[in-house]
>>> print(open('data.txt').read())   # compact mmCIF, C-alpha atoms
# COMPACT_ATOMS: atom_id res chain seq x y z
CA MET O 1 -147.14 139.81 -181.98
CA ARG O 2 -147.12 136.31 -183.47
CA PHE O 3 -145.35 133.38 -181.81
CA ASP O 4 -145.63 129.63 -181.33
CA ALA O 5 -147.66 128.06 -178.55
CA ALA O 6 -148.90 124.57 -177.69
CA VAL O 7 -152.69 124.60 -178.06
CA LEU O 8 -154.98 121.95 -176.59
CA ARG O 9 -158.16 121.99 -178.69
CA SER O 10 -160.11 119.15 -177.11
CA TYR O 11 -159.89 117.00 -174.01
CA GLU O 12 -158.92 113.96 -176.10
CA SER O 13 -156.55 115.55 -178.65
CA ARG O 14 -152.79 115.90 -178.62
CA PHE O 15 -151.21 119.28 -178.13
CA ALA O 16 -150.63 121.13 -181.40
CA VAL O 17 -147.80 123.66 -181.65
CA GLU O 18 -149.19 126.46 -183.80
CA GLU O 19 -148.96 130.19 -184.34
CA VAL O 20 -150.93 132.40 -181.97
CA ILE O 21 -151.46 136.15 -181.88
CA LEU O 22 -151.26 138.67 -179.08
CA ASP O 23 -152.80 141.81 -180.50
CA ALA O 24 -151.92 144.43 -177.86
CA GLY O 25 -149.16 145.28 -175.43
CA PRO O 26 -149.35 145.11 -171.64
CA ALA O 27 -152.14 146.95 -169.85
CA ASP O 28 -151.58 148.65 -166.51
CA GLY O 29 -150.11 146.17 -164.05
CA GLU O 30 -149.14 143.64 -166.72
CA ILE O 31 -145.82 142.50 -168.12
CA LEU O 32 -144.90 140.69 -171.32
CA VAL O 33 -142.44 137.86 -170.68
CA ARG O 34 -140.36 135.96 -173.22
CA ILE O 35 -140.60 132.40 -171.92
CA ALA O 36 -137.26 130.64 -171.47
CA GLY O 37 -138.73 127.44 -170.04
CA CYS O 38 -142.01 126.13 -168.63
CA GLY O 39 -142.47 123.13 -166.39
CA MET O 40 -145.19 120.60 -167.15
CA CYS O 41 -147.33 119.98 -164.07
CA ARG O 42 -149.93 117.28 -163.54
CA THR O 43 -152.47 120.06 -163.06
CA ASP O 44 -151.96 120.91 -166.73
CA LEU O 45 -152.59 117.30 -167.71
CA ALA O 46 -155.59 117.00 -165.40
CA VAL O 47 -157.47 119.36 -167.75
CA ARG O 48 -158.18 116.26 -169.84
CA ARG O 49 -160.16 114.86 -166.90
CA SER O 50 -161.90 118.09 -165.89
CA ALA O 51 -165.30 117.02 -167.25
CA GLY O 52 -165.55 120.10 -169.41
CA ARG O 53 -164.98 122.60 -166.60
CA SER O 54 -161.77 124.04 -168.06
CA PRO O 55 -162.48 126.05 -171.23
CA LEU O 56 -160.89 124.92 -174.49
CA PRO O 57 -159.19 125.53 -176.85
CA ALA O 58 -156.48 126.86 -174.58
CA VAL O 59 -152.77 127.37 -174.15
CA LEU O 60 -151.91 125.70 -170.85
CA GLY O 61 -148.70 125.93 -168.83
CA HIS O 62 -148.32 127.52 -165.41
CA GLU O 63 -144.69 127.00 -164.40
CA GLY O 64 -143.16 129.60 -166.69
CA ALA O 65 -139.94 131.57 -166.31
CA GLY O 66 -138.31 134.06 -168.62
CA VAL O 67 -137.29 137.63 -169.30
CA VAL O 68 -139.47 140.74 -169.14
CA VAL O 69 -139.60 142.39 -172.59
CA GLU O 70 -142.29 145.01 -171.96
CA THR O 71 -144.12 146.50 -168.97
CA GLY O 72 -147.48 148.17 -168.68
CA GLY O 73 -147.84 151.27 -166.51
CA PRO O 74 -145.45 152.64 -163.92
CA ASP O 75 -146.42 150.41 -161.01
CA THR O 76 -145.35 146.88 -162.00
CA GLY O 77 -142.17 147.03 -159.92
CA LEU O 78 -140.36 145.28 -162.78
CA SER O 79 -138.18 146.45 -165.65
CA VAL O 80 -137.36 145.28 -169.13
CA GLY O 81 -134.59 142.69 -168.89
CA ASP O 82 -135.59 141.39 -165.46
CA HIS O 83 -135.59 137.62 -165.10
CA VAL O 84 -138.79 136.35 -163.50
CA VAL O 85 -140.48 133.18 -162.29
CA LEU O 86 -144.24 133.09 -162.84
CA SER O 87 -146.59 131.67 -160.23
CA PHE O 88 -150.35 131.42 -159.67
CA ASP O 89 -152.70 134.40 -160.00
CA SER O 90 -154.62 136.01 -157.12
CA CYS O 91 -156.81 139.06 -156.78
CA GLY O 92 -154.72 140.92 -154.18
CA HIS O 93 -157.62 142.45 -152.29
CA CYS O 94 -159.79 139.71 -150.75
CA ARG O 95 -159.47 138.73 -147.08
CA SER O 96 -157.09 135.83 -147.82
CA CYS O 97 -154.83 137.88 -150.08
CA MET O 98 -154.68 140.67 -147.52
CA ALA O 99 -153.73 138.07 -144.90
CA ALA O 100 -150.74 136.89 -146.99
CA ALA O 101 -152.55 133.71 -148.05
CA PRO O 102 -152.92 134.21 -151.83
CA ALA O 103 -153.32 130.47 -152.47
CA TYR O 104 -156.72 130.76 -150.74
CA CYS O 105 -157.79 133.81 -152.72
CA ASP O 106 -161.58 134.08 -153.01
CA SER O 107 -161.14 134.15 -156.79
CA PHE O 108 -158.48 131.44 -157.07
CA ALA O 109 -160.57 128.99 -159.10
CA SER O 110 -161.95 131.57 -161.51
CA LEU O 111 -158.59 133.31 -162.02
CA ASN O 112 -156.51 130.18 -162.46
CA LEU O 113 -158.73 127.35 -163.65
CA PHE O 114 -162.06 128.40 -165.08
CA GLY O 115 -161.72 131.49 -167.19
CA GLY O 116 -159.02 133.83 -165.95
CA ARG O 117 -159.29 137.59 -165.59
CA LYS O 118 -162.12 139.19 -167.53
CA GLU O 119 -160.13 142.33 -168.29
CA ASN O 120 -158.07 142.18 -171.49
CA ALA O 121 -158.87 138.50 -171.92
CA ALA O 122 -159.82 138.56 -175.61
CA ARG O 123 -156.43 139.72 -176.96
CA PHE O 124 -155.13 136.15 -177.31
CA THR O 125 -156.23 134.31 -180.49
CA ASP O 126 -155.04 131.66 -182.89
CA ALA O 127 -153.68 132.52 -186.32
CA THR O 128 -157.17 132.56 -187.87
CA GLY O 129 -158.54 134.92 -185.22
CA GLY O 130 -160.26 132.10 -183.33
CA GLU O 131 -160.68 132.76 -179.64
CA LEU O 132 -158.47 130.95 -177.15
CA ALA O 133 -159.38 130.55 -173.50
CA PRO O 134 -158.14 133.33 -171.20
CA ARG O 135 -154.85 132.91 -169.41
CA TRP O 136 -154.38 129.58 -167.63
CA PHE O 137 -153.14 130.30 -164.11
CA GLY O 138 -152.59 133.86 -165.28
CA GLN O 139 -149.87 132.67 -167.68
CA SER O 140 -150.61 130.21 -170.52
CA SER O 141 -146.86 129.71 -170.69
CA PHE O 142 -146.59 126.69 -173.01
CA ALA O 143 -145.63 129.40 -175.46
CA GLY O 144 -142.90 131.69 -176.69
CA TYR O 145 -144.35 134.62 -174.74
CA ALA O 146 -146.80 135.16 -171.89
CA MET O 147 -148.75 138.22 -170.81
CA VAL O 148 -149.10 138.15 -167.04
CA GLN O 149 -150.02 140.29 -164.10
CA ALA O 150 -146.90 141.65 -162.46
CA ARG O 151 -148.46 140.40 -159.23
CA ASN O 152 -147.71 136.78 -160.12
CA ALA O 153 -144.14 137.36 -161.32
CA VAL O 154 -141.14 137.10 -158.99
CA ARG O 155 -137.82 138.69 -159.95
CA VAL O 156 -134.82 136.35 -159.66
CA ASP O 157 -131.05 136.70 -160.02
CA SER O 158 -130.16 136.97 -163.71
CA ALA O 159 -127.12 134.77 -163.09
CA LEU O 160 -129.41 131.77 -162.48
CA PRO O 161 -130.39 129.38 -165.31
CA VAL O 162 -133.80 130.96 -165.89
CA GLU O 163 -134.94 128.21 -168.28
CA LEU O 164 -134.94 125.75 -165.34
CA LEU O 165 -136.63 127.93 -162.72
CA GLY O 166 -140.28 127.72 -163.78
CA PRO O 167 -141.23 124.72 -161.58
CA LEU O 168 -140.31 126.83 -158.54
CA GLY O 169 -143.57 128.68 -159.22
CA CYS O 170 -145.82 125.69 -158.53
CA GLY O 171 -144.65 122.08 -158.11
CA PHE O 172 -141.47 122.65 -156.15
CA LEU O 173 -143.06 125.59 -154.31
CA THR O 174 -145.94 123.32 -153.23
CA GLY O 175 -143.74 120.58 -151.81
CA ALA O 176 -141.30 122.85 -150.03
CA GLY O 177 -144.03 125.20 -148.83
CA ALA O 178 -146.00 122.34 -147.31
CA VAL O 179 -142.97 121.36 -145.24
CA TRP O 180 -141.93 124.83 -144.13
CA ASN O 181 -145.17 126.83 -144.13
CA SER O 182 -147.99 124.35 -143.54
CA PHE O 183 -146.16 122.09 -141.10
CA GLY O 184 -143.36 124.30 -139.81
CA VAL O 185 -140.92 121.39 -139.90
CA GLY O 186 -137.69 122.00 -138.03
CA PRO O 187 -134.54 120.19 -136.86
CA GLY O 188 -135.23 116.72 -135.48
CA ASP O 189 -138.85 116.60 -136.66
CA THR O 190 -140.12 113.59 -138.60
CA ILE O 191 -142.13 113.57 -141.82
CA ALA O 192 -143.38 110.82 -144.13
CA VAL O 193 -143.83 111.80 -147.78
CA PHE O 194 -146.15 109.65 -149.88
CA GLY O 195 -145.35 109.92 -153.58
CA ALA O 196 -141.84 110.78 -154.75
CA GLY O 197 -142.75 112.88 -157.77
CA ALA O 198 -141.90 116.53 -158.23
CA VAL O 199 -143.93 117.74 -155.24
CA GLY O 200 -142.91 114.87 -152.98
CA LEU O 201 -139.21 115.10 -153.77
CA ALA O 202 -139.28 118.86 -153.25
CA ALA O 203 -140.78 118.13 -149.84
CA VAL O 204 -137.98 115.66 -149.11
CA MET O 205 -135.34 118.24 -150.09
CA ALA O 206 -137.03 120.88 -147.94
CA ALA O 207 -137.25 118.52 -144.96
CA THR O 208 -133.58 117.61 -145.29
CA ALA O 209 -132.64 121.29 -145.56
CA ALA O 210 -134.60 121.91 -142.34
CA GLY O 211 -132.71 119.18 -140.48
CA ALA O 212 -135.71 116.83 -140.28
CA VAL O 213 -135.90 113.06 -140.70
CA ALA O 214 -137.85 112.18 -143.86
CA VAL O 215 -139.31 108.88 -145.02
CA ALA O 216 -140.27 108.65 -148.71
CA VAL O 217 -142.87 106.17 -149.98
CA ASP O 218 -143.28 105.37 -153.67
CA ARG O 219 -143.90 102.43 -156.00
CA HIS O 220 -141.13 103.33 -158.48
CA PRO O 221 -137.69 102.07 -157.33
CA GLU O 222 -135.89 104.79 -159.33
CA ARG O 223 -137.88 107.49 -157.49
CA LEU O 224 -136.88 105.94 -154.18
CA VAL O 225 -133.23 106.08 -155.28
CA LEU O 226 -133.66 109.82 -155.85
CA ALA O 227 -135.37 110.27 -152.50
CA GLU O 228 -132.52 108.49 -150.75
CA ARG O 229 -130.01 110.69 -152.60
CA PHE O 230 -131.82 113.73 -151.18
CA GLY O 231 -131.64 112.39 -147.63
CA ALA O 232 -134.83 110.37 -147.15
CA LEU O 233 -135.30 106.86 -145.84
CA PRO O 234 -136.93 104.97 -148.76
CA LEU O 235 -139.90 102.62 -148.46
CA HIS O 236 -141.68 100.85 -151.29
CA ALA O 237 -145.42 101.57 -151.33
CA ALA O 238 -146.17 97.83 -151.55
CA SER O 239 -144.28 97.07 -148.34
CA GLY O 240 -146.29 95.08 -145.86
CA ASP O 241 -147.33 96.83 -142.64
CA LEU O 242 -146.37 100.23 -144.10
CA PRO O 243 -147.63 102.28 -141.10
CA ASP O 244 -145.70 100.06 -138.67
CA ARG O 245 -142.52 100.37 -140.73
CA ILE O 246 -142.80 104.15 -140.76
CA GLN O 247 -143.45 104.24 -137.03
CA ARG O 248 -140.29 102.22 -136.42
CA LEU O 249 -138.22 104.46 -138.70
CA THR O 250 -139.53 107.60 -136.97
CA ASP O 251 -139.29 106.37 -133.37
CA GLY O 252 -142.99 105.98 -132.65
CA GLY O 253 -144.62 107.71 -135.61
CA ALA O 254 -144.14 110.66 -137.89
CA GLN O 255 -145.14 114.11 -136.67
CA TYR O 256 -146.16 115.06 -140.19
CA ALA O 257 -147.16 113.29 -143.37
CA LEU O 258 -147.67 114.66 -146.86
CA ASP O 259 -149.69 112.76 -149.44
CA THR O 260 -149.22 113.67 -153.08
CA THR O 261 -150.90 110.56 -154.54
CA GLY O 262 -154.62 110.91 -153.82
CA SER O 263 -154.69 107.16 -153.07
CA ALA O 264 -157.27 106.33 -150.39
CA GLN O 265 -155.21 103.38 -149.16
CA LEU O 266 -152.03 105.44 -148.83
CA ILE O 267 -153.91 108.28 -147.13
CA ASN O 268 -155.15 105.83 -144.52
CA ASP O 269 -151.65 104.37 -144.19
CA ALA O 270 -150.31 107.90 -143.72
CA LEU O 271 -152.78 108.63 -140.92
CA ARG O 272 -151.89 105.39 -139.16
CA ALA O 273 -148.19 106.19 -139.48
CA LEU O 274 -148.61 109.43 -137.51
CA ARG O 275 -147.87 109.76 -133.85
CA PRO O 276 -150.60 111.21 -131.59
CA THR O 277 -151.58 114.77 -132.64
CA GLY O 278 -149.78 114.26 -135.97
CA HIS O 279 -150.83 116.22 -139.05
CA LEU O 280 -151.45 114.82 -142.54
CA GLY O 281 -151.55 117.27 -145.45
CA LEU O 282 -153.08 116.43 -148.83
CA VAL O 283 -152.03 118.23 -152.00
CA ALA O 284 -153.67 116.03 -154.65
CA ARG O 285 -157.24 116.78 -155.67
CA LEU O 286 -159.58 113.96 -154.65
CA HIS O 287 -162.07 112.84 -157.30
CA THR O 288 -164.07 110.37 -155.20
CA THR O 289 -165.27 110.04 -151.63
CA LEU O 290 -162.41 109.39 -149.23
CA PRO O 291 -163.20 106.45 -146.91
CA LEU O 292 -161.34 106.64 -143.62
CA GLU O 293 -160.64 103.41 -141.80
CA PRO O 294 -161.82 103.10 -138.20
CA GLY O 295 -159.23 104.54 -135.84
CA ALA O 296 -157.28 106.38 -138.54
CA LEU O 297 -158.12 109.79 -137.02
CA ASP O 298 -157.85 108.72 -133.37
CA ARG O 299 -155.54 110.31 -130.78
CA GLY O 300 -155.65 113.86 -132.02
CA ARG O 301 -154.47 113.14 -135.54
CA ARG O 302 -155.75 115.62 -138.13
CA ILE O 303 -155.96 115.98 -141.87
CA SER O 304 -156.08 119.09 -144.05
CA HIS O 305 -155.78 120.13 -147.67
CA ILE O 306 -152.77 122.26 -148.66
CA CYS O 307 -152.92 124.57 -151.67
CA GLU O 308 -149.71 125.85 -153.30
CA GLY O 309 -147.73 125.09 -150.16
CA ASP O 310 -149.45 127.93 -148.27
CA ALA O 311 -146.85 130.06 -150.03
CA VAL O 312 -146.38 133.71 -150.82
CA PRO O 313 -144.37 133.19 -154.03
CA GLY O 314 -142.43 136.43 -153.67
CA LEU O 315 -141.05 135.18 -150.35
CA LEU O 316 -140.61 131.46 -150.98
CA ILE O 317 -139.11 131.47 -154.48
CA PRO O 318 -136.06 133.54 -153.45
CA ARG O 319 -135.57 131.19 -150.50
CA LEU O 320 -135.58 128.20 -152.86
CA THR O 321 -133.10 129.75 -155.30
CA GLY O 322 -130.82 130.69 -152.42
CA LEU O 323 -130.84 127.13 -151.10
CA TRP O 324 -130.18 125.81 -154.61
CA GLN O 325 -127.15 128.10 -154.92
CA ALA O 326 -125.96 126.73 -151.57
CA GLY O 327 -126.33 123.15 -152.82
CA ARG O 328 -129.17 122.37 -150.39
CA PHE O 329 -132.17 122.22 -152.73
CA PRO O 330 -130.92 120.46 -155.92
CA PHE O 331 -134.19 120.67 -157.87
CA ASP O 332 -132.31 120.75 -161.18
CA GLN O 333 -131.60 117.03 -160.73
CA LEU O 334 -135.32 116.34 -161.27
CA ILE O 335 -135.60 118.21 -164.58
CA ARG O 336 -135.41 117.00 -168.16
CA THR O 337 -135.80 119.62 -170.87
CA TYR O 338 -137.74 119.17 -174.11
CA PRO O 339 -138.24 121.52 -177.05
CA LEU O 340 -141.76 122.93 -177.01
CA ALA O 341 -142.33 121.04 -180.27
CA ASP O 342 -141.92 117.78 -178.31
CA ILE O 343 -144.67 118.58 -175.80
CA ASN O 344 -146.58 115.36 -176.55
CA GLU O 345 -143.48 113.29 -175.87
CA ALA O 346 -143.01 115.18 -172.59
CA GLU O 347 -146.62 114.48 -171.61
CA ARG O 348 -146.22 110.77 -172.39
CA ASP O 349 -142.98 110.53 -170.40
CA CYS O 350 -144.61 112.35 -167.48
CA GLU O 351 -147.68 110.13 -167.45
CA GLU O 352 -145.56 106.96 -167.68
CA GLY O 353 -143.22 108.06 -164.89
CA ARG O 354 -140.13 108.29 -167.11
CA VAL O 355 -139.39 111.82 -165.99
CA VAL O 356 -140.01 113.65 -162.71
CA LYS O 357 -140.30 117.19 -164.06
CA PRO O 358 -140.40 117.93 -167.80
CA VAL O 359 -139.50 121.50 -168.74
CA LEU O 360 -140.48 122.77 -172.19
CA VAL O 361 -138.12 125.18 -173.91
CA PRO O 362 -139.59 127.35 -176.68
CA GLU O 363 -137.56 127.68 -179.84
CA GLY O 364 -137.17 130.70 -182.10
CA ARG O 365 -138.33 134.29 -181.71
CA SER O 366 -141.57 136.13 -182.27
CA ARG O 367 -142.57 136.88 -185.82
>>> encode(input="data.txt", output="structure tokens")
Amino acid sequence: MRFDAAVLRSYESRFAVEEVILDAGPADGEILVRIAGCGMCRTDLAVRRSAGRSPLPAVLGHEGAGVVVETGGPDTGLSVGDHVVLSFDSCGHCRSCMAAAPAYCDSFASLNLFGGRKENAARFTDATGGELAPRWFGQSSFAGYAMVQARNAVRVDSALPVELLGPLGCGFLTGAGAVWNSFGVGPGDTIAVFGAGAVGLAAVMAATAAGAVAVAVDRHPERLVLAERFGALPLHAASGDLPDRIQRLTDGGAQYALDTTGSAQLINDALRALRPTGHLGLVARLHTTLPLEPGALDRGRRISHICEGDAVPGLLIPRLTGLWQAGRFPFDQLIRTYPLADINEAERDCEEGRVVKPVLVPEGRSR
């Protein structure tokens, strides 16, 4: 099968939409998915700063959604014509996976970031037969088609706009999962969200849906307008005495805080904004030492890293689509679609903050 995909050939180059080849059908446990849309996540763009750890050339993309066109073996649990959202890969048999914590799979890094599954990895090449890196996050869905493990595909209602659903597999899943799974936020609880991007605004929507009081902190006024629309109290990141302001808005301090920025200053502000025994979760990868100010962790406050919202995708994604249908998780308001051919424009708009969540829509059919 030949189809178009966006290939990143070097850490400095632009994406190039070119023909790629998949030279075999699904193996046992795999499905072939025609991609209807794929979200662009900052994890995709962070490959450029991975210091050579992520293998190139590669087809990136890990927020894919589409329609199953072929299945491998009798045990996928999916059928041709099913609409699916694709999420991260996991082994399924390590201690974390068996404990319903696939985001902490023993093989998470190797499966999703640094090489993918060894089995059947070499079937994906460019038009000249040149090798492309194995599946990124088990998907490589900046493409017309993706070959994935059935394990990381979640069936969804075919009446839903499948081309918009891909970000539910990572960015929106991470924000909502942090609120519901990692923190267990409920009615009347208080949470401060630092960074009103895709993950942060998903957290705001989830907190509002749970009946909590949310404060959103960001440096972009238009993002704060969105956060307020979704029920949050907006605060500009440059506000003086930010921790004190949050404490006043949350009647003595937030019970929970979520940082999506990776900013050392904002992380310290978040800790100081917590009430005693409050919990700060970090979702951004830190690239330098994190200095904590004296007193920031006093009074039982704690800090932890959250991966993929502590989610089981097969459980959380249906919950998110159900809330969207009920008008309580309006993630579609964060999305702007681009043809796959315009992937470099989408990356530029994402990096410059012009769009919250770009979604790339492949054009044409396989050849």
>>> residues_around(input="data.txt", residues="Ala36 in chain O", least_positions_apart="2", cutoff="6 Å", atoms="only C-alpha atoms", output="VMD selection string")
chain O and resid 65 to 66 163
>>> atom_distance(input="data.txt", atom1="CA of Arg328 in chain O", atom2="CA of Thr208 in chain O")
8.3 Å
>>> closest_residue(input="data.txt", among="O:Cys170, O:Val355, O:Leu360, O:Ala238", to="Asp269 in chain O", atoms="only C-alpha atoms")
O:Ala238
>>> residues_around(input="data.txt", residues="Gly184 in chain O", least_positions_apart="3", cutoff="10 Å", atoms="only C-alpha atoms", output="number ranges by chain")
O: 177-181, 189, 207, 210, 256
>>> atom_distance(input="data.txt", atom1="CA of Ala296 in chain O", atom2="CA of Ala237 in chain O")
18.1 Å
>>> closest_residue(input="data.txt", among="O:Pro318, O:Gly253, O:Pro234, O:Pro243", to="Val156 in chain O", atoms="all atoms listed in the file")
O:Pro318
>>> residues_around(input="data.txt", residues="Ile306 in chain O", least_positions_apart="5", cutoff="8 Å", atoms="only C-alpha atoms", output="PyMOL selection string")
chain O and resi 178+182+281-283
>>> residues_around(input="data.txt", residues="Gly39 in chain O", least_positions_apart="5", cutoff="6 Å", atoms="all atoms listed in the file", output="number ranges by chain")
O: 63, 166-167, 358-359
>>> closest_residue(input="data.txt", among="O:Leu266, O:Ala58, O:Leu78, O:Ala176", to="Cys307 in chain O", atoms="all atoms listed in the file")
O:Ala176
>>> closest_atom_pairs(input="data.txt", of="range 53-84 of chain O", to="range 134-147 of chain O", cutoff="6 Å", atoms="all atoms listed in the file", output="CSV")
residue,atom,partner,partner_atom,distance
O:Val59,CA,O:Ser140,CA,5.1
O:Leu60,CA,O:Ser140,CA,4.7
O:Gly61,CA,O:Ser141,CA,4.6
O:His62,CA,O:Phe137,CA,5.7
O:Gly64,CA,O:Ser141,CA,5.4
>>> closest_residue(input="data.txt", among="O:Ala5, O:Ala264, O:Leu164, O:Ala27", to="Leu334 in chain O", atoms="all atoms listed in the file")
O:Leu164
>>> closest_residue(input="data.txt", among="O:Ile303, O:Leu290, O:Val361, O:Val162", to="Leu340 in chain O", atoms="only C-alpha atoms")
O:Val361
>>> atom_distance(input="data.txt", atom1="CA of Asp332 in chain O", atom2="CA of Gly171 in chain O")
12.8 Å
>>> residues_around(input="data.txt", residues="range 211-224 of chain O", least_positions_apart="3", cutoff="9 Å", atoms="only C-alpha atoms", output="ChimeraX atom specification")
/O:185-197,200-201,203-204,206-208,227-229,231-238,246,249-250,254,353,356
>>> write_last_selection(input="data.txt", atoms="C-alpha atoms", output="CSV table (one decimal), in the frame of the given file")
chain,number,residue,atom,x,y,z
O,185,VAL,CA,-140.9,121.4,-139.9
O,186,GLY,CA,-137.7,122.0,-138.0
O,187,PRO,CA,-134.5,120.2,-136.9
O,188,GLY,CA,-135.2,116.7,-135.5
O,189,ASP,CA,-138.8,116.6,-136.7
O,190,THR,CA,-140.1,113.6,-138.6
O,191,ILE,CA,-142.1,113.6,-141.8
O,192,ALA,CA,-143.4,110.8,-144.1
O,193,VAL,CA,-143.8,111.8,-147.8
O,194,PHE,CA,-146.2,109.6,-149.9
O,195,GLY,CA,-145.4,109.9,-153.6
O,196,ALA,CA,-141.8,110.8,-154.8
O,197,GLY,CA,-142.8,112.9,-157.8
O,200,GLY,CA,-142.9,114.9,-153.0
O,201,LEU,CA,-139.2,115.1,-153.8
O,203,ALA,CA,-140.8,118.1,-149.8
O,204,VAL,CA,-138.0,115.7,-149.1
O,206,ALA,CA,-137.0,120.9,-147.9
O,207,ALA,CA,-137.2,118.5,-145.0
O,208,THR,CA,-133.6,117.6,-145.3
O,227,ALA,CA,-135.4,110.3,-152.5
O,228,GLU,CA,-132.5,108.5,-150.8
O,229,ARG,CA,-130.0,110.7,-152.6
O,231,GLY,CA,-131.6,112.4,-147.6
O,232,ALA,CA,-134.8,110.4,-147.2
O,233,LEU,CA,-135.3,106.9,-145.8
O,234,PRO,CA,-136.9,105.0,-148.8
O,235,LEU,CA,-139.9,102.6,-148.5
O,236,HIS,CA,-141.7,100.8,-151.3
O,237,ALA,CA,-145.4,101.6,-151.3
O,238,ALA,CA,-146.2,97.8,-151.6
O,246,ILE,CA,-142.8,104.2,-140.8
O,249,LEU,CA,-138.2,104.5,-138.7
O,250,THR,CA,-139.5,107.6,-137.0
O,254,ALA,CA,-144.1,110.7,-137.9
O,353,GLY,CA,-143.2,108.1,-164.9
O,356,VAL,CA,-140.0,113.6,-162.7
>>> closest_residue(input="data.txt", among="O:Ala326, O:Met1, O:Leu274, O:Ala311", to="Ala100 in chain O", atoms="all atoms listed in the file")
O:Ala311
